[in-house]
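Asks: My file is my_file_33.cif. It has mmCIF, C-alpha atoms and all ligand atoms:
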data_start
loop_
_atom_site.label_atom_id
_atom_site.label_comp_id
_atom_site.auth_asym_id
_atom_site.auth_seq_id
_atom_site.Cartn_x
_atom_site.Cartn_y
_atom_site.Cartn_z
CA MET W 1335 -52.73 9.00 -4.94
CA ASN W 1336 -52.40 5.27 -5.37
CA ILE W 1337 -49.28 4.05 -3.65
CA GLU W 1338 -49.30 0.67 -5.41
CA SER W 1339 -49.19 2.28 -8.85
CA LEU W 1340 -46.48 4.67 -7.70
CA VAL W 1341 -44.36 1.79 -6.45
CA ALA W 1342 -44.89 -0.03 -9.75
CA ASP W 1343 -43.98 3.14 -11.69
CA LEU W 1344 -40.83 3.57 -9.66
CA ALA W 1345 -39.80 -0.04 -10.15
CA ALA W 1346 -40.41 0.30 -13.89
CA LYS W 1347 -38.52 3.61 -14.16
CA VAL W 1348 -35.52 2.73 -12.03
CA PRO W 1349 -34.66 -0.95 -12.57
CA GLY W 1350 -32.54 -1.40 -9.44
CA VAL W 1351 -35.38 -0.58 -7.09
CA VAL W 1352 -37.70 -3.30 -5.88
CA LEU W 1353 -40.35 -3.48 -3.22
CA ALA W 1354 -38.59 -4.90 -0.21
CA ALA W 1355 -39.55 -8.15 1.42
CA ASP W 1356 -41.80 -7.77 4.44
CA PRO W 1357 -39.27 -7.98 7.30
CA SER W 1358 -37.44 -4.84 6.24
CA TYR W 1359 -40.61 -2.79 6.27
CA VAL W 1360 -40.63 0.08 8.71
CA LYS W 1361 -44.03 -0.17 10.35
CA SER W 1362 -46.37 -0.63 7.41
CA TYR W 1363 -44.89 1.95 5.07
CA PRO W 1364 -43.95 0.72 1.62
CA THR W 1365 -40.21 0.14 1.63
CA MET W 1366 -38.16 -0.06 -1.53
CA ARG W 1367 -34.79 -1.72 -1.57
CA LEU W 1368 -32.10 -0.35 -3.85
CA SER W 1369 -29.76 -2.89 -5.35
CA SER W 1370 -26.93 -0.37 -5.69
CA ALA W 1371 -26.06 3.16 -4.59
CA ALA W 1372 -26.19 4.31 -8.21
CA TYR W 1373 -30.01 4.04 -8.15
CA LEU W 1374 -30.47 6.37 -5.21
CA LEU W 1375 -30.44 9.67 -7.08
CA PRO W 1376 -32.76 8.53 -9.91
CA ALA W 1377 -35.19 7.02 -7.42
CA ALA W 1378 -35.17 10.08 -5.16
CA SER W 1379 -35.62 12.55 -8.02
CA PHE W 1380 -38.46 10.42 -9.45
CA LEU W 1381 -40.16 10.46 -6.06
CA LYS W 1382 -39.61 14.18 -5.67
CA GLU W 1383 -41.34 14.78 -9.00
CA ARG W 1384 -44.26 12.69 -7.81
CA GLY W 1385 -44.83 14.84 -4.74
CA PHE W 1386 -42.52 13.20 -2.25
CA ASP W 1387 -40.77 16.48 -1.65
CA TYR W 1388 -40.19 16.21 2.08
CA LEU W 1389 -37.12 14.29 3.18
CA GLU W 1390 -37.96 13.21 6.71
CA ILE W 1391 -35.15 10.97 7.82
CA ILE W 1392 -31.77 9.76 6.74
CA THR W 1393 -30.32 7.15 9.00
CA ALA W 1394 -28.37 3.93 9.00
CA VAL W 1395 -28.19 0.73 10.98
CA ASP W 1396 -24.95 -1.00 11.80
CA TRP W 1397 -25.57 -4.73 11.42
CA LEU W 1398 -22.26 -5.87 12.79
CA GLY W 1399 -23.95 -6.93 16.02
CA PRO W 1400 -22.42 -6.96 19.50
CA VAL W 1401 -18.65 -6.85 19.30
CA SER W 1402 -17.01 -6.41 22.67
CA PRO W 1403 -17.62 -4.41 25.84
CA GLU W 1404 -14.67 -2.18 24.97
CA GLY W 1405 -15.62 1.42 25.36
CA TYR W 1406 -17.91 0.74 28.28
CA THR W 1407 -16.58 1.42 31.74
CA ARG W 1408 -18.51 -1.53 33.14
CA GLY W 1409 -16.95 -4.97 32.89
CA GLY W 1410 -13.55 -6.36 33.73
CA ARG W 1411 -11.29 -3.53 32.74
CA ASN W 1412 -12.88 -0.82 34.81
CA PRO W 1413 -15.42 -2.14 37.33
CA HIS W 1414 -18.62 -0.18 37.73
CA PRO W 1415 -18.61 1.46 41.15
CA PHE W 1416 -22.13 0.42 42.07
CA SER W 1417 -22.40 -3.05 40.59
CA ALA W 1418 -22.49 -5.95 43.01
CA PRO W 1419 -19.31 -8.05 43.00
CA GLU W 1420 -21.18 -11.12 41.82
CA ALA W 1421 -22.84 -9.26 38.96
CA PRO W 1422 -21.83 -10.80 35.64
CA ALA W 1423 -19.44 -8.71 33.59
CA LEU W 1424 -20.83 -7.19 30.44
CA VAL W 1425 -20.13 -9.52 27.56
CA ALA W 1426 -20.89 -9.29 23.89
CA VAL W 1427 -23.51 -11.92 23.14
CA LYS W 1428 -24.97 -12.28 19.69
CA ASN W 1429 -28.63 -13.03 19.22
CA PRO W 1430 -28.73 -16.21 17.13
CA ALA W 1431 -31.98 -15.13 15.49
CA ALA W 1432 -30.54 -11.90 14.09
CA ALA W 1433 -28.84 -11.80 10.72
CA TYR W 1434 -25.62 -10.02 11.58
CA LYS W 1435 -23.36 -9.03 8.73
CA PRO W 1436 -20.63 -6.46 8.20
CA ALA W 1437 -22.93 -3.94 6.54
CA PHE W 1438 -24.72 -0.65 7.06
CA ASP W 1439 -28.39 -0.58 6.16
CA MET W 1440 -29.08 2.95 4.98
CA LEU W 1441 -32.59 4.33 5.23
CA TRP W 1442 -34.18 7.34 3.59
CA CYS W 1443 -37.70 8.34 4.48
CA LEU W 1444 -39.59 10.52 2.02
CA ALA W 1445 -43.02 11.95 2.60
CA ASN W 1446 -45.74 13.37 0.42
CA ILE W 1447 -47.62 15.57 2.82
CA PRO W 1448 -50.72 16.49 0.72
CA ALA W 1449 -51.26 12.80 -0.08
CA ARG W 1450 -50.38 11.72 3.46
CA ALA W 1451 -48.06 9.11 2.06
CA ARG W 1452 -44.67 8.02 3.16
CA LEU W 1453 -42.15 5.87 1.32
CA LEU W 1454 -38.86 4.45 2.47
CA LEU W 1455 -35.73 3.60 0.54
CA ARG W 1456 -33.21 1.15 1.90
CA LEU W 1457 -29.74 0.33 0.72
CA GLU W 1458 -27.19 -2.04 2.11
CA ILE W 1459 -23.58 -0.93 1.85
CA PRO W 1460 -20.40 -2.62 3.05
CA ARG W 1461 -18.87 -1.49 6.31
CA GLU W 1462 -15.44 -0.87 4.86
CA ASP W 1463 -15.20 2.68 3.53
CA PRO W 1464 -18.98 3.17 3.39
CA ALA W 1465 -20.11 5.80 0.91
CA VAL W 1466 -23.39 6.77 -0.71
CA PRO W 1467 -24.37 9.67 -2.96
CA SER W 1468 -25.57 12.79 -1.19
CA LEU W 1469 -29.14 14.03 -1.62
CA THR W 1470 -28.24 17.64 -0.86
CA GLY W 1471 -28.74 18.52 -4.52
CA LEU W 1472 -32.38 17.48 -4.29
CA PHE W 1473 -33.32 18.27 -0.71
CA LYS W 1474 -31.90 21.06 1.43
CA ALA W 1475 -32.94 19.07 4.49
CA ALA W 1476 -30.41 16.39 3.63
CA ASP W 1477 -27.51 18.62 4.64
CA TRP W 1478 -27.55 18.30 8.42
CA GLN W 1479 -29.02 14.81 8.45
CA GLU W 1480 -26.22 13.50 6.30
CA ARG W 1481 -23.71 15.23 8.53
CA GLU W 1482 -25.28 13.51 11.51
CA VAL W 1483 -25.04 10.07 9.92
CA PHE W 1484 -21.47 10.87 8.94
CA ASP W 1485 -20.66 11.99 12.47
CA LEU W 1486 -22.22 9.07 14.31
CA LEU W 1487 -21.66 6.21 11.85
CA GLY W 1488 -18.93 7.41 9.54
CA VAL W 1489 -20.81 6.99 6.28
CA ARG W 1490 -19.40 9.29 3.63
CA PHE W 1491 -21.90 11.20 1.47
CA GLU W 1492 -20.35 11.88 -1.87
CA GLY W 1493 -21.16 15.32 -3.20
CA HIS W 1494 -22.05 16.81 0.16
CA PRO W 1495 -20.83 20.42 0.24
CA ASN W 1496 -19.81 20.53 3.89
CA LEU W 1497 -19.36 17.05 5.29
CA LYS W 1498 -18.00 17.52 8.79
CA LYS W 1499 -18.96 16.70 12.38
CA ILE W 1500 -22.25 18.15 13.59
CA LEU W 1501 -23.07 16.64 17.01
CA THR W 1502 -19.99 15.26 18.73
CA PRO W 1503 -17.32 17.61 20.02
CA ASP W 1504 -14.19 18.09 17.94
CA PHE W 1505 -11.99 16.11 20.29
CA LEU W 1506 -14.13 12.96 20.15
CA GLN W 1507 -12.49 10.32 18.03
CA GLY W 1508 -14.36 7.75 16.02
CA HIS W 1509 -18.02 7.26 15.23
CA PRO W 1510 -19.90 6.42 18.42
CA LEU W 1511 -22.87 4.57 16.94
CA ARG W 1512 -20.68 2.01 15.24
CA LYS W 1513 -20.86 -1.34 16.97
CA ASP W 1514 -17.09 -1.61 17.14
CA TYR W 1515 -16.65 1.89 18.54
CA VAL W 1516 -13.94 2.09 21.19
CA HIS W 1517 -13.98 5.16 23.34
CA VAL W 1518 -10.69 7.01 23.52
CA LYS W 1519 -10.42 8.78 26.85
CA ASP W 1520 -10.53 12.55 26.45
CA ARG W 1521 -9.86 15.46 28.78
CA TYR W 1522 -13.22 15.17 30.53
CA ASP W 1523 -12.71 11.49 31.39
CA GLU W 1524 -9.51 12.10 33.36
CA MET F 642 -22.21 48.21 46.97
CA GLY F 643 -19.39 46.14 45.58
CA VAL F 644 -16.86 48.88 46.16
CA ILE F 645 -18.00 49.32 49.75
CA LEU F 646 -17.77 45.59 50.36
CA GLU F 647 -14.30 45.43 48.92
CA ARG F 648 -12.94 48.44 50.76
CA LEU F 649 -14.76 48.32 54.06
CA PRO F 650 -12.67 45.62 55.76
CA GLY F 651 -9.45 47.36 54.74
CA ALA F 652 -10.72 50.78 55.76
CA VAL F 653 -11.78 49.80 59.26
CA LYS F 654 -8.79 47.57 59.91
CA GLY F 655 -6.98 48.78 63.03
CA VAL F 656 -9.80 51.05 64.10
CA PRO F 657 -10.95 50.17 67.64
CA GLY F 658 -14.32 48.48 67.59
CA ALA F 659 -14.06 47.65 63.90
CA GLY F 660 -15.19 44.10 64.55
CA VAL F 661 -18.54 45.40 65.72
CA VAL F 662 -18.93 47.41 62.54
CA LEU F 663 -18.09 44.43 60.37
CA THR F 664 -20.34 42.06 62.29
CA THR F 665 -23.23 44.48 62.05
CA ALA F 666 -22.56 44.97 58.37
CA ASP F 667 -22.39 41.19 57.94
CA VAL F 668 -25.88 40.79 59.32
CA PHE F 669 -27.35 43.17 56.78
CA ILE F 670 -25.24 42.09 53.85
CA ASP F 671 -25.87 38.39 54.40
CA TRP F 672 -29.55 39.05 54.98
CA SER F 673 -29.93 40.91 51.71
CA ARG F 674 -27.80 38.41 49.78
CA LYS F 675 -29.64 35.46 51.20
CA TYR F 676 -32.99 36.66 49.91
CA SER F 677 -31.79 37.67 46.48
CA LEU F 678 -30.16 34.54 45.13
CA TRP F 679 -30.76 35.12 41.47
CA PRO F 680 -30.10 32.10 39.32
CA VAL F 681 -28.99 32.39 35.73
CA THR F 682 -31.63 31.04 33.33
CA PHE F 683 -29.92 27.88 32.30
CA GLY F 684 -31.26 24.39 31.81
CA LEU F 685 -29.61 21.41 30.22
CA ALA F 686 -31.92 18.39 30.17
CA CYS F 687 -35.01 16.88 31.78
CA CYS F 688 -34.11 18.29 35.23
CA ALA F 689 -34.63 21.75 33.76
CA ILE F 690 -38.35 20.96 33.49
CA GLU F 691 -38.51 20.50 37.26
CA MET F 692 -36.48 23.67 37.70
CA MET F 693 -38.98 25.58 35.56
CA ALA F 694 -41.83 24.09 37.57
CA ALA F 695 -40.04 25.32 40.68
CA TYR F 696 -39.92 28.87 39.34
CA ALA F 697 -43.55 28.84 38.31
CA SER F 698 -46.53 29.72 40.44
CA ARG F 699 -47.17 26.39 42.15
CA PHE F 700 -43.84 26.30 43.97
CA ASP F 701 -43.08 29.97 43.43
CA PHE F 702 -39.41 30.42 44.23
CA ASP F 703 -39.89 34.17 43.93
CA ARG F 704 -41.00 34.19 47.54
CA MET F 705 -37.47 33.17 48.49
CA GLY F 706 -36.00 35.85 46.26
CA VAL F 707 -35.01 33.32 43.64
CA MET F 708 -35.71 35.09 40.40
CA PRO F 709 -34.21 33.75 37.19
CA ARG F 710 -32.09 36.30 35.38
CA PRO F 711 -31.47 36.28 31.66
CA SER F 712 -27.78 37.14 31.93
CA PRO F 713 -25.00 35.53 33.97
CA ARG F 714 -23.72 39.00 34.78
CA GLN F 715 -26.83 39.66 36.87
CA ALA F 716 -26.87 36.26 38.53
CA ASP F 717 -25.54 34.83 41.79
CA VAL F 718 -26.41 31.16 41.39
CA MET F 719 -26.06 28.74 38.54
CA ILE F 720 -28.38 25.75 38.79
CA ILE F 721 -26.88 22.97 36.71
CA ALA F 722 -30.17 21.31 35.88
CA GLY F 723 -29.45 18.34 33.70
CA THR F 724 -26.91 16.29 31.85
CA VAL F 725 -23.58 17.98 31.27
CA VAL F 726 -22.30 16.75 27.95
CA LYS F 727 -18.70 17.23 27.00
CA LYS F 728 -19.61 19.64 24.27
CA MET F 729 -21.49 21.81 26.77
CA ALA F 730 -18.67 21.77 29.33
CA GLU F 731 -16.83 24.68 27.82
CA PRO F 732 -19.88 27.03 27.64
CA ILE F 733 -20.68 26.14 31.28
CA ILE F 734 -17.20 27.17 32.37
CA ARG F 735 -17.51 30.36 30.39
CA ILE F 736 -20.91 31.23 31.88
CA TYR F 737 -19.57 30.45 35.34
CA HIS F 738 -16.71 32.88 34.92
CA GLN F 739 -19.07 35.56 33.63
CA MET F 740 -20.99 35.56 36.90
CA PRO F 741 -19.88 38.16 39.44
CA GLU F 742 -18.48 36.96 42.74
CA PRO F 743 -19.64 35.65 45.08
CA ARG F 744 -21.13 33.00 42.85
CA PHE F 745 -22.72 29.72 43.79
CA VAL F 746 -23.47 26.52 41.96
CA ILE F 747 -26.29 24.08 42.68
CA SER F 748 -25.81 20.73 41.01
CA MET F 749 -29.31 19.41 40.38
CA GLY F 750 -29.98 15.75 39.65
CA SER F 751 -27.93 12.61 39.29
CA CYS F 752 -26.57 13.65 35.90
CA ALA F 753 -25.00 16.84 37.16
CA ASN F 754 -23.80 15.13 40.34
CA CYS F 755 -22.05 12.14 38.82
CA GLY F 756 -23.22 11.41 35.30
CA GLY F 757 -26.29 9.56 36.55
CA PRO F 758 -27.88 7.20 34.03
CA TYR F 759 -25.22 8.19 31.51
CA TYR F 760 -22.28 7.17 33.65
CA ASP F 761 -21.10 4.82 30.90
CA SER F 762 -21.62 7.24 28.07
CA TYR F 763 -18.96 8.49 25.74
CA SER F 764 -20.37 11.99 25.67
CA VAL F 765 -21.25 12.90 29.26
CA VAL F 766 -19.09 14.63 31.86
CA LYS F 767 -19.28 12.46 34.98
CA GLY F 768 -20.25 15.21 37.36
CA VAL F 769 -20.25 18.95 36.90
CA ASP F 770 -17.86 19.24 39.86
CA ARG F 771 -15.14 18.04 37.54
CA ILE F 772 -15.27 21.35 35.75
CA ILE F 773 -16.61 23.93 38.23
CA PRO F 774 -16.87 24.04 42.06
CA VAL F 775 -20.29 23.05 43.43
CA ASP F 776 -21.90 24.36 46.62
CA VAL F 777 -25.01 22.20 46.96
CA TYR F 778 -25.82 18.83 45.43
CA VAL F 779 -29.43 17.71 44.98
CA ALA F 780 -30.03 14.00 44.55
CA GLY F 781 -32.79 12.63 42.36
CA CYS F 782 -33.66 11.87 38.79
CA PRO F 783 -35.15 14.42 38.55
CA PRO F 784 -35.32 15.95 42.02
CA ARG F 785 -38.74 17.31 42.87
CA PRO F 786 -39.09 21.08 43.15
CA GLU F 787 -39.24 20.61 46.92
CA ALA F 788 -35.77 19.09 46.81
CA LEU F 789 -34.49 22.04 44.85
CA PHE F 790 -36.19 24.27 47.38
CA TYR F 791 -34.28 22.52 50.13
CA ALA F 792 -31.07 23.12 48.21
CA VAL F 793 -31.87 26.81 48.05
CA LEU F 794 -32.50 26.83 51.80
CA LYS F 795 -29.15 25.10 52.35
CA LEU F 796 -27.47 27.65 50.15
CA GLN F 797 -29.09 30.41 52.17
CA GLU F 798 -27.63 28.85 55.32
CA LYS F 799 -24.26 28.96 53.66
CA VAL F 800 -24.70 32.57 52.64
CA GLN F 801 -25.72 33.40 56.21
CA LYS F 802 -22.32 32.24 57.42
CA MET F 803 -20.34 34.43 55.06
CA ARG F 804 -18.22 37.14 56.69
CA ILE F 805 -16.93 40.17 54.86
CA SER F 806 -13.81 40.13 56.99
CA LYS F 807 -13.00 36.85 55.28
CA GLY F 808 -13.82 38.14 51.84
CA ALA F 809 -17.50 37.26 52.11
CA GLY F 810 -17.26 35.09 49.07
CA ALA F 811 -18.06 31.48 48.56
CA THR F 812 -15.31 30.74 46.10
CA PRO F 813 -11.81 29.93 47.32
CA GLN F 814 -10.53 32.95 45.47
CA ALA F 815 -12.89 35.26 47.28
CA GLU F 816 -12.20 33.56 50.61
CA LYS F 817 -8.60 34.69 50.29
CA GLY F 818 -9.80 38.18 50.90
CA PRO F 819 -10.89 41.25 49.00
CA ARG F 820 -8.59 42.16 46.18
CA ASN F 821 -8.29 45.83 46.95
CA VAL F 822 -7.55 46.27 50.65
CA ALA F 823 -5.06 49.10 50.29
CA ALA F 824 -7.66 51.87 50.46
S1 LIG R 1601 -30.85 13.42 36.59
FE1 LIG R 1601 -32.50 12.34 35.53
S2 LIG R 1601 -34.07 13.93 35.20
FE2 LIG R 1601 -32.15 14.98 35.65
S3 LIG R 1601 -31.21 15.41 33.68
FE3 LIG R 1601 -30.40 13.46 34.39
S4 LIG R 1601 -31.73 11.92 33.46
FE4 LIG R 1601 -32.79 13.88 33.36
#
I need this file expressed as structure tokens, please.

Replies:
Amino acid sequence: MNIESLVADLAAKVPGVVLAADPSYVKSYPTMRLSSAAYLLPAASFLKERGFDYLEIITAVDWLGPVSPEGYTRGGRNPHPFSAPEAPALVAVKNPAAAYKPAFDMLWCLANIPARARLLLRLEIPREDPAVPSLTGLFKAADWQEREVFDLLGVRFEGHPNLKKILTPDFLQGHPLRKDYVHVKDRYDE
Amino acid sequence: MGVILERLPGAVKGVPGAGVVLTTADVFIDWSRKYSLWPVTFGLACCAIEMMAAYASRFDFDRMGVMPRPSPRQADVMIIAGTVVKKMAEPIIRIYHQMPEPRFVISMGSCANCGGPYYDSYSVVKGVDRIIPVDVYVAGCPPRPEALFYAVLKLQEKVQKMRISKGAGATPQAEKGPRNVAA
């Protein structure tokens, strides 16, 4: 299978999907960027028809960047028992080279196993009330992975049949992989 | 055996020379307990790999009578080998209470001792001794099988000191005395 022609076909079929610029490539796999969440389902079903029937990964990146050391026990509020007194407190320092923005970068990784090909879809969504369509209608494997992303990052998957926590215990509040996550002390923290 | 252990101290109480009987019984009971510390098959994280290596032929804990049991109801020791996450805390407490007394706990590795590398984490219990009583702590990340071996030897020393006249148990509840002394 020729991946270049497939990418061209996909871009022709679904207009909101373009081959991403180099920096957002994951390793050297062809990465397509969706311009809006509405193009996700057409793009995924097109790819599924063309043999990309294995949904490997759904994940997201929080691009908010370092926020504050809240939620860590180290630092001023609650000194770490073993840190030297002169050790600098943990502070939130932004890397000037990184393009921080209040957005989640969603990532779907689809694989065509007989053709040994892998293709990634990316979509940037705003951090406020993040929501994307669910792929559970197309791939059974999307079920738990979407629940994991929902649990850890708080992205809502519209159309998911059973969108509830999967990894964190019921008493944990918030979404721990968000950059602005603040840990609320629970019964095991005293 | 359990019935005898529970009733013996009450039965011989007041009989002249009972102390001799109990002391002699202690020697045999502690001796047999010491060499049959059966741990419940239970691993939580990377430390469990070292624990499995300890059970296997190279270190061969069987020669000390340490034989992993598939059920907590057949076990004497629980080796907390690994990171105790908050979600796992409740099952650990439940397994602990399913073990018959006297029961012992070995906390293996930094994670089980104090949270270890995950001290700052939102999801880790900072030490298994916050939820269940611990008899022996093993330091290391992970401790080598030899270190776990040393912990077993230390636990055997502890078992050796148990007296049935004092309940012969390691837990505070058992130390209070056997429950059924009326017989
Ligand atoms: S103490 Fe180290 S080796 Fe053991 S479970 Fe924790 S991280 Fe893993």

Asks: What does the distance between CA of Pro1460 in chain W and CA of Pro1436 in chain W come to in Å, to one decimal place?

Replies: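 According to the coordinates, CA of Pro1460 in chain W and CA of Pro1436 in chain W are separated by 6.4 Å.
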
Asks: Can you tell me which residues surround Trp672 in chain F at a distance of at most 12 Å, considering only C-alpha atoms, apart from same-chain residues fewer than 2 positions away, and format the answer as a ChimeraX atom specification?

Replies: /F:665-670,674-678,705-706,797-804

Asks: Residues around (-20.1, 18.5, 40.8), cut-off 10 Å, counting all atoms listed in the file - what are they as a list in words?

Replies: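 Residues close enough to count: Ile721, Val746, Ile747, Ser748, Met749, Ser751, Cys752, Ala753, Asn754, Cys755, Gly756, Val766, Lys767, Gly768, Val769, Asp770, Arg771, Ile772, Ile773, Pro774, Val775, Asp776, Val777 and Tyr778 of chain F.
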
Asks: What's the 12 Å shell around Pro1448 in chain W, counting all atoms listed in the file, without same-chain residues fewer than 5 positions away, as a list in words?

Replies: Met1335, Arg1384, Gly1385, Phe1386, Asp1387 and Tyr1388 of chain W

Asks: Please extract the residues at most 7 Å from ligand LIG 1601 (chain R), counting only C-alpha atoms and all ligand atoms, and provide them as a list in words, using the chain letters and residue numbers of this document.

Replies: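 The neighbouring residues of ligand LIG 1601 (chain R) are, in order, Ala686, Cys687, Cys688, Ala722, Gly723, Thr724, Gly750, Ser751, Cys752, Ala753, Gly757, Pro758, Gly781, Cys782 and Pro783 of chain F.
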
Asks: Would you kindly report the residues of chain F within 9 Å of chain W, using all atoms listed in the file, as a list in words?

Replies: Lys727, Lys728, Met729, Ala730, Tyr760, Asp761, Ser762, Tyr763, Ser764, Val765, Val766, Lys767, Arg771 and Ile772 of chain F

Asks: Measure the distance from CA of Asp1485 in chain W to CA of Leu1441 in chain W in Å and round it to one decimal.

Replies: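 For CA of Asp1485 in chain W relative to CA of Leu1441 in chain W, the distance reads 15.9 Å.
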
Asks: Give me, as number ranges by chain, all polymer residues having an atom no more than 9 Å from Thr1470 in chain W, counting all atoms listed in the file and skipping those fewer than 4 positions away in the same chain.

Replies: W: 1474-1477, 1480, 1493-1495

Asks: Could you work out how far CA of Ser1468 in chain W lies from CA of Ser1379 in chain W, giving the answer in Å with one decimal?

Replies: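 Taking CA of Ser1379 in chain W and CA of Ser1468 in chain W, their separation equals 12.2 Å.
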
Asks: Set the distance at 7 Å and use all atoms listed in the file: which residues neighbour Leu1455 in chain W once local chain neighbours fewer than 5 positions away are removed? I'd like the list as a count of residues only.

Replies: 7

Asks: Enclose all atoms of range 746-755 of chain F listed in the file in an axis-aligned box, grow every side by 5 Å, and hand back centre and edge lengths in Å to one decimal, as lines of an AutoDock Vina configuration file.

Replies:
center_x = -26.0
center_y = 19.3
center_z = 39.3
size_x = 17.9
size_y = 24.4
size_z = 16.8

Asks: Can you pull out every residue within 10 Å of Val1395 in chain W, counting all atoms listed in the file, but drop anything in the same chain fewer than 4 positions away, and send it as a PyMOL selection string?

Replies: chain W and resi 1437-1441+1458+1483+1487+1511-1513
